[in-house]
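Shown here: coords.txt, compact mmCIF, C-alpha atoms.
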```
# COMPACT_ATOMS: atom_id res chain seq x y z
CA MET P 1 0.00 0.00 0.00
CA LEU P 2 1.42 3.39 -0.97
CA ARG P 3 1.63 5.89 1.85
CA HIS P 4 2.97 8.97 0.05
CA LEU P 5 2.01 10.75 -3.16
CA GLY P 6 4.51 13.13 -4.77
CA ALA P 7 3.02 16.56 -5.31
CA VAL P 8 2.80 17.67 -8.94
CA GLY P 9 1.93 21.25 -9.75
CA ARG P 10 3.13 24.52 -11.05
CA ASP P 11 6.02 24.66 -8.58
CA ALA P 12 6.79 21.20 -7.26
CA SER P 13 9.42 22.53 -4.84
CA ARG P 14 6.75 24.55 -2.95
CA LEU P 15 4.27 21.71 -2.64
CA ALA P 16 4.38 19.20 0.13
CA PRO P 17 3.49 15.59 -0.57
CA GLY P 18 0.05 14.34 0.32
CA ILE P 19 -0.34 11.43 2.69
CA TYR P 20 -2.35 8.23 2.34
CA LYS P 21 -3.92 6.96 5.53
CA HIS P 22 -5.88 3.86 6.41
CA LEU P 23 -9.43 4.65 7.38
CA GLY P 24 -11.55 1.77 8.66
CA SER P 25 -11.13 -1.08 6.14
CA GLY P 26 -8.03 -1.50 3.99
CA ALA P 27 -9.97 -0.73 0.79
CA ALA P 28 -11.00 2.78 1.90
CA LEU P 29 -8.30 5.40 1.32
CA ALA P 30 -8.22 9.10 1.95
CA LEU P 31 -5.83 11.74 0.80
CA GLN P 32 -5.07 14.55 3.21
CA ALA P 33 -4.98 17.84 1.31
CA SER P 34 -1.53 19.31 1.73
CA SER P 35 0.00 22.66 1.01
CA THR P 36 -0.92 22.17 -2.67
CA ASP P 37 -4.30 23.79 -2.19
CA ALA P 38 -2.84 26.43 0.07
CA ALA P 39 -0.19 27.36 -2.47
CA TRP P 40 -2.82 27.73 -5.20
CA GLY P 41 -5.24 29.62 -2.98
CA ARG P 42 -7.89 26.91 -2.81
CA THR P 43 -9.89 25.52 0.06
CA PRO P 44 -8.32 22.36 1.47
CA CYS P 45 -10.26 19.37 0.29
CA PHE P 46 -10.55 15.80 1.61
CA PHE P 47 -11.06 13.20 -1.15
CA SER P 48 -12.47 9.84 -0.19
CA SER P 49 -14.54 6.95 -1.34
CA ALA P 50 -18.00 6.43 0.07
CA SER P 51 -16.76 4.32 3.00
CA ALA P 52 -13.90 6.72 3.64
CA ALA P 53 -16.28 9.67 3.75
CA SER P 54 -18.42 8.03 6.41
CA ALA P 55 -15.35 7.11 8.39
CA ALA P 56 -14.04 10.66 8.20
CA GLN P 57 -17.10 12.16 10.02
CA PRO P 58 -16.42 13.16 13.64
CA ALA P 59 -17.78 10.80 16.32
CA SER P 60 -20.95 11.83 18.22
CA ASP P 61 -20.99 12.58 21.94
CA ASP P 62 -22.91 9.44 22.90
CA ALA P 63 -20.50 7.17 21.04
CA PRO P 64 -18.09 5.27 23.27
CA SER P 65 -14.67 6.86 23.40
CA SER P 66 -11.73 4.79 22.29
CA SER P 67 -9.16 6.98 23.97
CA SER P 68 -9.23 5.06 27.22
CA GLY P 69 -6.36 2.85 28.07
CA GLY P 70 -8.39 -0.38 28.20
CA ARG P 71 -9.33 -2.64 25.32
CA GLY P 72 -11.82 -1.00 22.97
CA SER P 73 -14.64 -2.70 21.22
CA SER P 74 -12.71 -2.46 18.00
CA GLY P 75 -10.15 -5.02 19.17
CA ARG P 76 -6.86 -5.11 17.31
CA SER P 77 -8.29 -3.15 14.44
CA GLY P 78 -9.40 -0.34 16.75
CA SER P 79 -7.52 2.82 17.71
CA SER P 80 -6.75 1.94 21.32
CA GLY P 81 -3.32 2.22 22.84
CA ARG P 82 -2.66 -1.49 22.28
CA GLY P 83 -4.11 -1.41 18.74
CA ARG P 84 -2.23 -1.21 15.49
CA GLY P 85 -2.58 2.58 15.36
CA GLY P 86 -0.25 3.11 18.31
CA ARG P 87 -0.76 4.82 21.66
CA GLY P 88 -3.06 7.77 22.25
CA SER P 89 -6.18 8.94 20.49
CA PRO P 90 -6.46 8.89 16.66
CA PRO P 91 -5.83 12.16 14.81
CA ALA P 92 -8.82 14.39 14.18
CA PRO P 93 -10.28 14.22 10.66
CA PRO P 94 -9.21 17.06 8.37
CA THR P 95 -11.33 20.14 8.17
CA GLY P 96 -12.78 21.36 4.88
CA ARG P 97 -15.22 20.09 2.32
CA VAL P 98 -15.43 16.37 1.61
CA VAL P 99 -15.99 15.13 -1.93
CA THR P 100 -17.40 11.64 -2.34
CA THR P 101 -16.51 9.91 -5.56
CA ALA P 102 -17.20 6.51 -7.06
CA ALA P 103 -13.99 6.59 -9.11
CA PRO P 104 -11.51 3.76 -8.57
CA TRP P 105 -8.96 6.28 -7.31
CA PRO P 106 -10.27 8.14 -4.23
CA PHE P 107 -7.94 11.10 -4.74
CA ILE P 108 -9.64 12.15 -8.03
CA ASP P 109 -12.02 15.06 -7.63
CA PRO P 110 -14.72 14.82 -10.33
CA SER P 111 -15.84 18.38 -9.61
CA ARG P 112 -12.64 19.79 -11.06
CA PRO P 113 -11.96 19.92 -14.82
CA MET P 114 -9.62 17.23 -16.09
CA ILE P 115 -8.03 16.66 -19.50
CA MET P 116 -8.99 13.22 -20.77
CA PRO P 117 -8.22 11.47 -24.09
CA VAL P 118 -10.82 11.99 -26.81
CA TYR P 119 -11.64 9.37 -29.44
CA ILE P 120 -11.55 10.72 -32.98
CA SER P 121 -13.91 8.82 -35.23
CA PRO P 122 -12.75 7.85 -38.75
CA THR P 123 -15.24 10.31 -40.22
CA ASN P 124 -13.19 13.21 -38.82
CA THR P 125 -9.99 12.23 -40.61
CA ARG P 126 -8.71 14.05 -43.66
CA ALA P 127 -10.84 13.48 -46.73
CA GLN P 128 -9.44 11.38 -49.53
CA PRO P 129 -8.46 13.24 -52.72
CA GLU P 130 -10.95 13.24 -55.56
CA LEU P 131 -10.32 10.88 -58.47
CA LEU P 132 -10.39 12.79 -61.76
CA PRO P 133 -10.72 11.63 -65.38
CA LEU P 134 -7.58 11.85 -67.48
CA GLU P 135 -8.48 15.09 -69.30
CA GLU P 136 -9.44 16.94 -66.10
CA ALA P 137 -6.34 15.67 -64.29
CA LEU P 138 -4.05 16.89 -67.08
CA ALA P 139 -5.75 20.29 -67.04
CA GLN P 140 -5.15 20.46 -63.28
CA VAL P 141 -1.48 19.51 -63.70
CA LYS P 142 -0.91 22.22 -66.31
CA ALA P 143 -2.68 24.78 -64.09
CA ASN P 144 -0.55 23.79 -61.07
CA ALA P 145 2.63 24.16 -63.13
CA ALA P 146 1.58 27.60 -64.37
CA THR P 147 0.73 28.72 -60.82
CA ARG P 148 4.09 27.57 -59.50
CA ALA P 149 5.98 29.29 -62.32
CA ALA P 150 4.07 32.54 -61.69
CA GLY P 151 4.81 32.39 -57.94
CA THR P 152 1.16 32.82 -56.96
CA ASP P 153 0.76 29.55 -55.07
CA ASP P 154 -0.88 30.13 -51.67
CA ARG P 155 1.23 27.36 -50.15
CA ASP P 156 4.30 29.57 -50.58
CA LYS P 157 2.85 32.00 -48.03
CA LEU P 158 1.57 29.36 -45.61
CA SER P 159 4.66 27.18 -45.49
CA GLY P 160 7.06 29.98 -44.58
CA ARG P 161 9.93 28.37 -46.47
CA LEU P 162 11.63 29.27 -49.70
CA ARG P 163 10.40 27.37 -52.75
CA CYS P 164 12.11 26.88 -56.07
CA LYS P 165 11.39 29.79 -58.41
CA SER P 166 13.06 28.26 -61.46
CA VAL P 167 11.06 28.47 -64.66
CA PHE P 168 11.60 25.56 -67.01
CA ASP P 169 9.65 23.09 -69.10
CA GLU P 170 8.65 20.57 -66.45
CA THR P 171 8.33 16.88 -67.17
CA VAL P 172 4.93 15.21 -66.86
CA GLU P 173 5.33 12.09 -64.74
CA PHE P 174 2.96 9.15 -64.51
CA SER P 175 2.99 6.77 -61.54
CA ALA P 176 0.91 3.66 -60.94
CA ARG P 177 0.66 1.06 -58.22
CA LEU P 178 0.42 -2.45 -59.64
CA GLY P 179 -0.97 -5.50 -57.89
CA VAL P 180 2.13 -7.61 -58.51
CA ASN P 181 4.94 -9.01 -56.38
CA PRO P 182 8.20 -8.26 -58.26
CA ARG P 183 10.07 -10.66 -55.98
CA LYS P 184 8.42 -13.47 -57.94
CA ALA P 185 9.99 -14.08 -61.32
CA ASP P 186 6.64 -14.59 -63.05
CA GLN P 187 5.26 -11.23 -61.85
CA ILE P 188 7.94 -8.87 -63.16
CA VAL P 189 6.38 -6.28 -65.46
CA ARG P 190 8.83 -5.18 -68.14
CA GLY P 191 8.47 -3.99 -71.70
CA ALA P 192 8.67 -1.09 -74.14
CA CYS P 193 6.22 1.17 -75.90
CA VAL P 194 6.42 3.93 -78.48
CA LEU P 195 4.79 7.17 -77.35
CA PRO P 196 2.80 8.80 -80.17
CA HIS P 197 4.24 12.25 -79.42
CA GLY P 198 7.57 11.30 -77.88
CA THR P 199 8.97 12.18 -74.48
CA GLY P 200 10.15 15.68 -75.40
CA ARG P 201 13.74 14.75 -74.67
CA ARG P 202 16.40 14.00 -77.24
CA VAL P 203 18.28 10.81 -76.44
CA SER P 204 21.86 9.98 -77.39
CA ILE P 205 22.09 6.63 -79.22
CA CYS P 206 25.11 4.34 -79.52
CA VAL P 207 25.06 1.57 -82.13
CA PHE P 208 27.49 -1.36 -82.04
CA ALA P 209 27.70 -2.52 -85.66
CA LYS P 210 30.20 -3.20 -88.43
CA GLY P 211 30.32 -2.75 -92.18
CA ALA P 212 27.03 -1.93 -93.90
CA ASP P 213 25.08 -1.80 -90.62
CA ALA P 214 27.48 0.84 -89.31
CA ASP P 215 26.95 2.93 -92.44
CA ILE P 216 23.16 2.66 -92.04
CA ALA P 217 23.45 3.76 -88.41
CA ARG P 218 25.44 6.85 -89.43
CA ALA P 219 22.86 7.66 -92.10
CA GLU P 220 20.02 7.39 -89.54
CA GLY P 221 21.78 9.83 -87.20
CA ALA P 222 23.35 7.61 -84.55
CA ASP P 223 25.46 9.65 -82.13
CA VAL P 224 28.14 7.00 -81.43
CA ILE P 225 29.28 3.99 -83.48
CA GLY P 226 30.69 1.44 -81.04
CA ASP P 227 33.44 -1.09 -81.61
CA ASP P 228 35.78 -3.33 -79.60
CA ASP P 229 37.85 -0.34 -78.45
CA LEU P 230 34.80 1.30 -76.89
CA ILE P 231 33.92 -1.94 -75.07
CA ALA P 232 37.45 -2.13 -73.64
CA SER P 233 37.26 1.50 -72.55
CA ILE P 234 33.91 0.89 -70.77
CA ILE P 235 35.39 -2.02 -68.84
CA GLU P 236 38.58 -0.16 -67.88
CA THR P 237 36.87 3.07 -66.75
CA GLY P 238 34.03 1.32 -64.93
CA GLY P 239 31.33 3.06 -66.96
CA LYS P 240 32.80 6.57 -67.19
CA SER P 241 33.06 6.15 -70.96
CA VAL P 242 29.28 5.68 -71.23
CA LEU P 243 28.22 9.05 -72.66
CA PHE P 244 24.99 7.88 -74.31
CA ASP P 245 21.42 7.14 -73.21
CA LYS P 246 20.46 4.18 -75.42
CA LEU P 247 22.44 1.26 -76.81
CA ILE P 248 21.63 -0.78 -79.91
CA ALA P 249 23.72 -3.74 -81.05
CA THR P 250 23.75 -6.30 -83.82
CA PRO P 251 23.93 -10.02 -82.87
CA GLU P 252 27.64 -10.26 -83.69
CA PHE P 253 28.45 -7.84 -80.85
CA MET P 254 26.48 -9.72 -78.19
CA LYS P 255 29.42 -11.85 -77.05
CA PRO P 256 31.93 -8.94 -76.77
CA LEU P 257 29.33 -6.83 -74.91
CA ALA P 258 28.80 -9.66 -72.40
CA ARG P 259 32.24 -8.82 -70.94
CA ALA P 260 30.90 -5.36 -70.03
CA GLY P 261 27.68 -6.74 -68.57
CA LYS P 262 28.57 -5.76 -65.00
CA VAL P 263 28.75 -2.12 -66.10
CA LEU P 264 25.97 -1.96 -68.68
CA GLY P 265 23.48 -4.15 -66.80
CA PRO P 266 22.88 -1.85 -63.79
CA LYS P 267 22.49 1.09 -66.18
CA GLY P 268 19.82 -0.72 -68.19
CA LEU P 269 21.89 -0.58 -71.39
CA MET P 270 22.45 -4.29 -71.99
CA PRO P 271 21.00 -5.26 -75.42
CA ASN P 272 17.80 -7.29 -75.28
CA VAL P 273 15.81 -8.93 -78.04
CA LYS P 274 12.49 -8.30 -76.28
CA LEU P 275 13.21 -4.58 -76.00
CA GLY P 276 14.35 -4.37 -79.61
CA THR P 277 17.88 -3.23 -78.77
CA LEU P 278 19.47 -6.44 -80.09
CA THR P 279 18.49 -6.55 -83.76
CA SER P 280 19.73 -6.74 -87.33
CA ASN P 281 17.29 -4.02 -88.45
CA VAL P 282 19.39 -1.11 -87.20
CA ALA P 283 17.49 1.56 -89.14
CA PHE P 284 14.12 0.61 -87.65
CA ALA P 285 15.52 0.46 -84.12
CA ILE P 286 17.02 3.95 -84.40
CA ARG P 287 13.76 5.40 -85.77
CA GLU P 288 11.86 3.83 -82.89
CA MET P 289 14.24 5.43 -80.40
CA ARG P 290 13.87 8.81 -82.04
CA ARG P 291 10.08 8.54 -82.11
CA GLY P 292 9.95 8.16 -78.36
CA ARG P 293 10.48 4.51 -77.50
CA LEU P 294 10.13 4.12 -73.75
CA ASP P 295 11.50 1.13 -71.84
CA PHE P 296 9.80 0.47 -68.49
CA ARG P 297 10.20 -1.93 -65.60
CA VAL P 298 8.35 -2.24 -62.30
CA ASP P 299 10.37 -1.38 -59.19
CA ARG P 300 10.84 -3.70 -56.24
CA ASP P 301 7.79 -2.29 -54.42
CA GLY P 302 5.38 -2.92 -57.29
CA ASN P 303 5.23 0.70 -58.51
CA MET P 304 5.67 1.95 -62.05
CA HIS P 305 7.08 5.38 -62.90
CA ALA P 306 7.52 6.94 -66.33
CA ALA P 307 8.16 10.37 -67.87
CA LEU P 308 5.58 10.76 -70.63
CA GLY P 309 6.05 14.28 -71.95
CA LYS P 310 6.51 17.93 -71.09
CA VAL P 311 4.16 20.56 -69.70
CA SER P 312 4.56 22.44 -72.98
CA PHE P 313 2.81 19.56 -74.79
CA SER P 314 -0.84 20.02 -75.62
CA GLN P 315 -3.37 18.35 -73.37
CA ALA P 316 -4.42 15.98 -76.18
CA ALA P 317 -0.80 14.95 -76.84
CA LEU P 318 -0.24 14.15 -73.16
CA ALA P 319 -3.48 12.17 -73.04
CA ASP P 320 -2.39 10.13 -76.08
CA ASN P 321 1.00 9.35 -74.52
CA ILE P 322 -0.52 8.26 -71.20
CA ALA P 323 -3.16 6.13 -72.93
CA ALA P 324 -0.49 4.41 -75.04
CA PHE P 325 1.65 3.72 -71.98
CA VAL P 326 -1.26 2.29 -69.97
CA SER P 327 -2.21 0.14 -72.96
CA SER P 328 1.32 -1.27 -73.02
CA LEU P 329 1.13 -1.93 -69.27
CA LEU P 330 -2.09 -3.90 -69.70
CA SER P 331 -0.65 -5.91 -72.60
CA ASN P 332 2.33 -6.89 -70.39
CA ARG P 333 0.11 -8.03 -67.52
CA PRO P 334 1.57 -11.21 -65.93
CA LYS P 335 -0.56 -14.31 -66.35
CA SER P 336 -0.11 -15.23 -62.69
CA VAL P 337 -2.05 -12.15 -61.55
CA ARG P 338 -5.69 -12.96 -60.97
CA GLY P 339 -8.42 -11.12 -62.82
CA SER P 340 -8.40 -9.46 -66.20
CA GLY P 341 -7.85 -5.97 -67.53
CA VAL P 342 -7.27 -3.49 -64.73
CA ASP P 343 -9.06 -5.64 -62.15
CA GLY P 344 -6.53 -6.58 -59.47
CA TYR P 345 -3.67 -5.24 -61.57
CA LEU P 346 -3.86 -1.45 -61.83
CA ILE P 347 -4.59 -0.45 -58.23
CA SER P 348 -4.13 3.33 -58.41
CA ALA P 349 -2.55 5.93 -60.67
CA CYS P 350 -1.60 9.59 -60.55
CA VAL P 351 -0.02 12.21 -62.78
CA LYS P 352 2.07 15.25 -61.88
CA SER P 353 4.70 17.63 -63.16
CA THR P 354 8.22 17.88 -61.79
CA MET P 355 7.59 20.57 -59.17
CA THR P 356 3.90 20.16 -58.36
CA LYS P 357 1.75 17.80 -56.33
CA ALA P 358 0.23 14.63 -57.77
CA VAL P 359 -3.33 14.43 -59.08
CA ARG P 360 -5.13 11.11 -58.61
CA LEU P 361 -6.66 9.46 -61.66
CA ALA P 362 -9.90 7.51 -61.94
CA ILE P 363 -9.10 3.98 -63.10
CA ALA P 364 -12.19 3.25 -65.22
CA PRO P 365 -11.81 6.24 -67.62
CA LEU P 366 -8.09 5.52 -67.83
CA ALA P 367 -8.78 1.93 -68.90
CA ASP P 368 -11.25 3.16 -71.54
CA ALA P 369 -8.64 5.56 -72.94
CA ALA P 370 -6.05 2.74 -73.04
CA ALA P 371 -8.46 0.47 -74.92
CA ALA P 372 -9.16 3.22 -77.48
CA SER P 373 -5.42 3.82 -77.95
CA SER P 374 -4.78 0.11 -78.46
CA ALA P 375 -7.55 -0.12 -81.07
CA ALA P 376 -6.21 2.93 -82.92
CA ALA P 377 -2.66 1.54 -82.94
CA ALA P 378 -3.89 -1.82 -84.26
CA ALA P 379 -5.84 -0.09 -87.05
CA ILE P 380 -2.77 1.94 -88.08
CA ALA P 381 -0.57 -1.17 -88.09
CA ALA P 382 -3.10 -3.09 -90.19
CA ALA P 383 -3.36 -0.25 -92.70
CA ALA P 384 0.44 -0.03 -92.97
CA ALA P 385 0.73 -3.79 -93.48
CA ALA P 386 -1.93 -3.74 -96.18
CA GLU P 387 -0.18 -0.89 -97.99
CA VAL P 388 3.18 -2.63 -97.89
CA GLY P 389 1.62 -5.89 -99.00
CA ALA P 390 0.00 -4.19 -102.00
CA ALA P 391 3.38 -2.73 -102.95
CA GLY P 392 4.97 -6.18 -102.74
CA GLY P 393 7.43 -5.17 -100.02
CA GLN P 394 8.17 -6.42 -96.53
CA ALA P 395 6.35 -4.70 -93.68
CA GLU P 396 8.31 -3.32 -90.73
CA PRO P 397 7.45 -4.49 -87.22
CA ALA P 398 4.45 -2.80 -85.62
CA ALA P 399 5.05 0.19 -83.42
CA GLY P 400 5.97 -0.81 -79.90
CA SER P 401 7.01 -4.35 -80.82
CA SER P 402 10.57 -5.62 -80.93
CA ALA P 403 12.34 -5.71 -84.25
CA PRO P 404 13.33 -9.08 -85.68
CA SER P 405 16.84 -10.18 -84.73
```
Structure rendered as structure tokens:
Amino acid sequence: MLRHLGAVGRDASRLAPGIYKHLGSGAALALQASSTDAAWGRTPCFFSSASAASAAQPASDDAPSSSSGGRGSSGRSGSSGRGRGGRGSPPAPPTGRVVTTAAPWPFIDPSRPMIMPVYISPTNTRAQPELLPLEEALAQVKANAATRAAGTDDRDKLSGRLRCKSVFDETVEFSARLGVNPRKADQIVRGACVLPHGTGRRVSICVFAKGADADIARAEGADVIGDDDLIASIIETGGKSVLFDKLIATPEFMKPLARAGKVLGPKGLMPNVKLGTLTSNVAFAIREMRRGRLDFRVDRDGNMHAALGKVSFSQAALADNIAAFVSSLLSNRPKSVRGSGVDGYLISACVKSTMTKAVRLAIAPLADAAAASSAAAAAIAAAAAAEVGAAGGQAEPAAGSSAPS
């Protein structure tokens, strides 16, 4: 049983500790008001439970006195000289008002205000952002970018911190959360697509080829023509000689490039037949890169990120690029993922510019736009194949597909 309570208040050094005392039964406790109330200018108060309050009342005149030296009627539990309380009469009950409380702790005064925890229901939490169709979301992104560039964003005044005032053509970024587990080999989402309006960024292309293929690459505008000396330089410098963004190679260079796999692999530059970077049709591969060929791969957390244009693009051009990219995502859906289409696969998506906040996208309109883009691309490919077939030539691979190796 505790007998002392440390005083807590505005000035703990001025407050004396309160004292617990046994009153009657062991379950009834009372707390003697100490100098705490005196220091704060309040009336001393005696807190007790119901039994303690009755025990704290002064005895009546006709009640037998227990101050005599003999045995009292209370026996060992009484207050006689031979009782547990010691010699002499018991101390007089404290003066002041008595507050009776049914609380489990008798020293709590329910008449005084107390700060208690408050339960916040889920309805009072911050509202979820609104899901917008693709066209409205792109309009909001362009408006946010214009507001930031003009310096009229209200958040600049509320945050109290300096924000970037640079004015440049921001990149439009698309992010999606996919319902896949990339740690499983059969759920890795990887592929390539050709954006109808490009990414807005000029890429530097290196082509590893010899003889006639090297001449074709120069004619198509390749920035670097690679050879065995460049491969040796990449290995020796540990990648510092890599001054290009994309790499295309003919099959005869696959074995020499394998020696530089430890450098080119982490950079995503290793030639791959599926991505169309390992091919004999060098001219087609270079044109695909120039048109805006985008290679994508899901990250280890199941998220997909891609840069699909610039803020300076028209709203229709950005919508076409996003629809083509989502269509490519759906066509590369792993077979081990349950469901079909976007069900269970495309969980959420958002679009933003480089320096502005993200805008959430509604999934159903996004899937409709992707289906329309896929149908339009298939119609264009069929028309091109029919035209080439009528001319008696050989059709080139469809846009977004890998070139024959």
**Prompt:** Between atom CA of Gln315 of chain P and atom CA of Gly179 of chain P, what is the distance, to one decimal in Å?
**Reply:**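 According to the coordinates, atom CA of Gln315 of chain P and atom CA of Gly179 of chain P are separated by 28.5 Å.
The smallest atom-to-atom distance between Ile363 of chain P and any of P:Arg177, P:Arg218, P:His197, P:Lys210, using all atoms listed in the file, is found for P:Arg177.
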**Asked** Hey, which of P:Ser374, P:Thr250, P:Asn321, P:Ser204 ends up closest to Asp227 of chain P? Count all atoms listed in the file.
**Response**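 The answer is P:Thr250, which sits nearest to Asp227 of chain P.
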Report as a PDB file with C-alpha atoms, keeping the file's coordinate frame all protein, DNA and RNA residues lying within 8 Å of segment 294-306 of chain P, evaluated on only C-alpha atoms, omitting residues in the same chain fewer than 2 positions from it.
```pdb
ATOM      1  CA  GLU P 173       5.330  12.090 -64.740  1.00  0.00           C
ATOM      2  CA  PHE P 174       2.960   9.150 -64.510  1.00  0.00           C
ATOM      3  CA  SER P 175       2.990   6.770 -61.540  1.00  0.00           C
ATOM      4  CA  ALA P 176       0.910   3.660 -60.940  1.00  0.00           C
ATOM      5  CA  ARG P 177       0.660   1.060 -58.220  1.00  0.00           C
ATOM      6  CA  LEU P 178       0.420  -2.450 -59.640  1.00  0.00           C
ATOM      7  CA  GLY P 179      -0.970  -5.500 -57.890  1.00  0.00           C
ATOM      8  CA  VAL P 180       2.130  -7.610 -58.510  1.00  0.00           C
ATOM      9  CA  ASN P 181       4.940  -9.010 -56.380  1.00  0.00           C
ATOM     10  CA  PRO P 182       8.200  -8.260 -58.260  1.00  0.00           C
ATOM     11  CA  ARG P 183      10.070 -10.660 -55.980  1.00  0.00           C
ATOM     12  CA  ILE P 188       7.940  -8.870 -63.160  1.00  0.00           C
ATOM     13  CA  VAL P 189       6.380  -6.280 -65.460  1.00  0.00           C
ATOM     14  CA  ARG P 190       8.830  -5.180 -68.140  1.00  0.00           C
ATOM     15  CA  GLY P 191       8.470  -3.990 -71.700  1.00  0.00           C
ATOM     16  CA  ALA P 192       8.670  -1.090 -74.140  1.00  0.00           C
ATOM     17  CA  CYS P 193       6.220   1.170 -75.900  1.00  0.00           C
ATOM     18  CA  VAL P 194       6.420   3.930 -78.480  1.00  0.00           C
ATOM     19  CA  LEU P 195       4.790   7.170 -77.350  1.00  0.00           C
ATOM     20  CA  LEU P 275      13.210  -4.580 -76.000  1.00  0.00           C
ATOM     21  CA  MET P 289      14.240   5.430 -80.400  1.00  0.00           C
ATOM     22  CA  GLY P 292       9.950   8.160 -78.360  1.00  0.00           C
ATOM     23  CA  LEU P 308       5.580  10.760 -70.630  1.00  0.00           C
TER      24      LEU P 308
END
```
**Request:** Rounded to one decimal place, report the atom CA of Ser340 of chain P-atom CA of Arg360 of chain P distance in Å.
**Result:**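 For atom CA of Ser340 of chain P relative to atom CA of Arg360 of chain P, the distance reads 22.2 Å.
Minimum distance to Ala232 of chain P across P:Gly261, P:Glu220, P:Leu361, P:Ala149 (counting only C-alpha atoms) occurs at P:Gly261.
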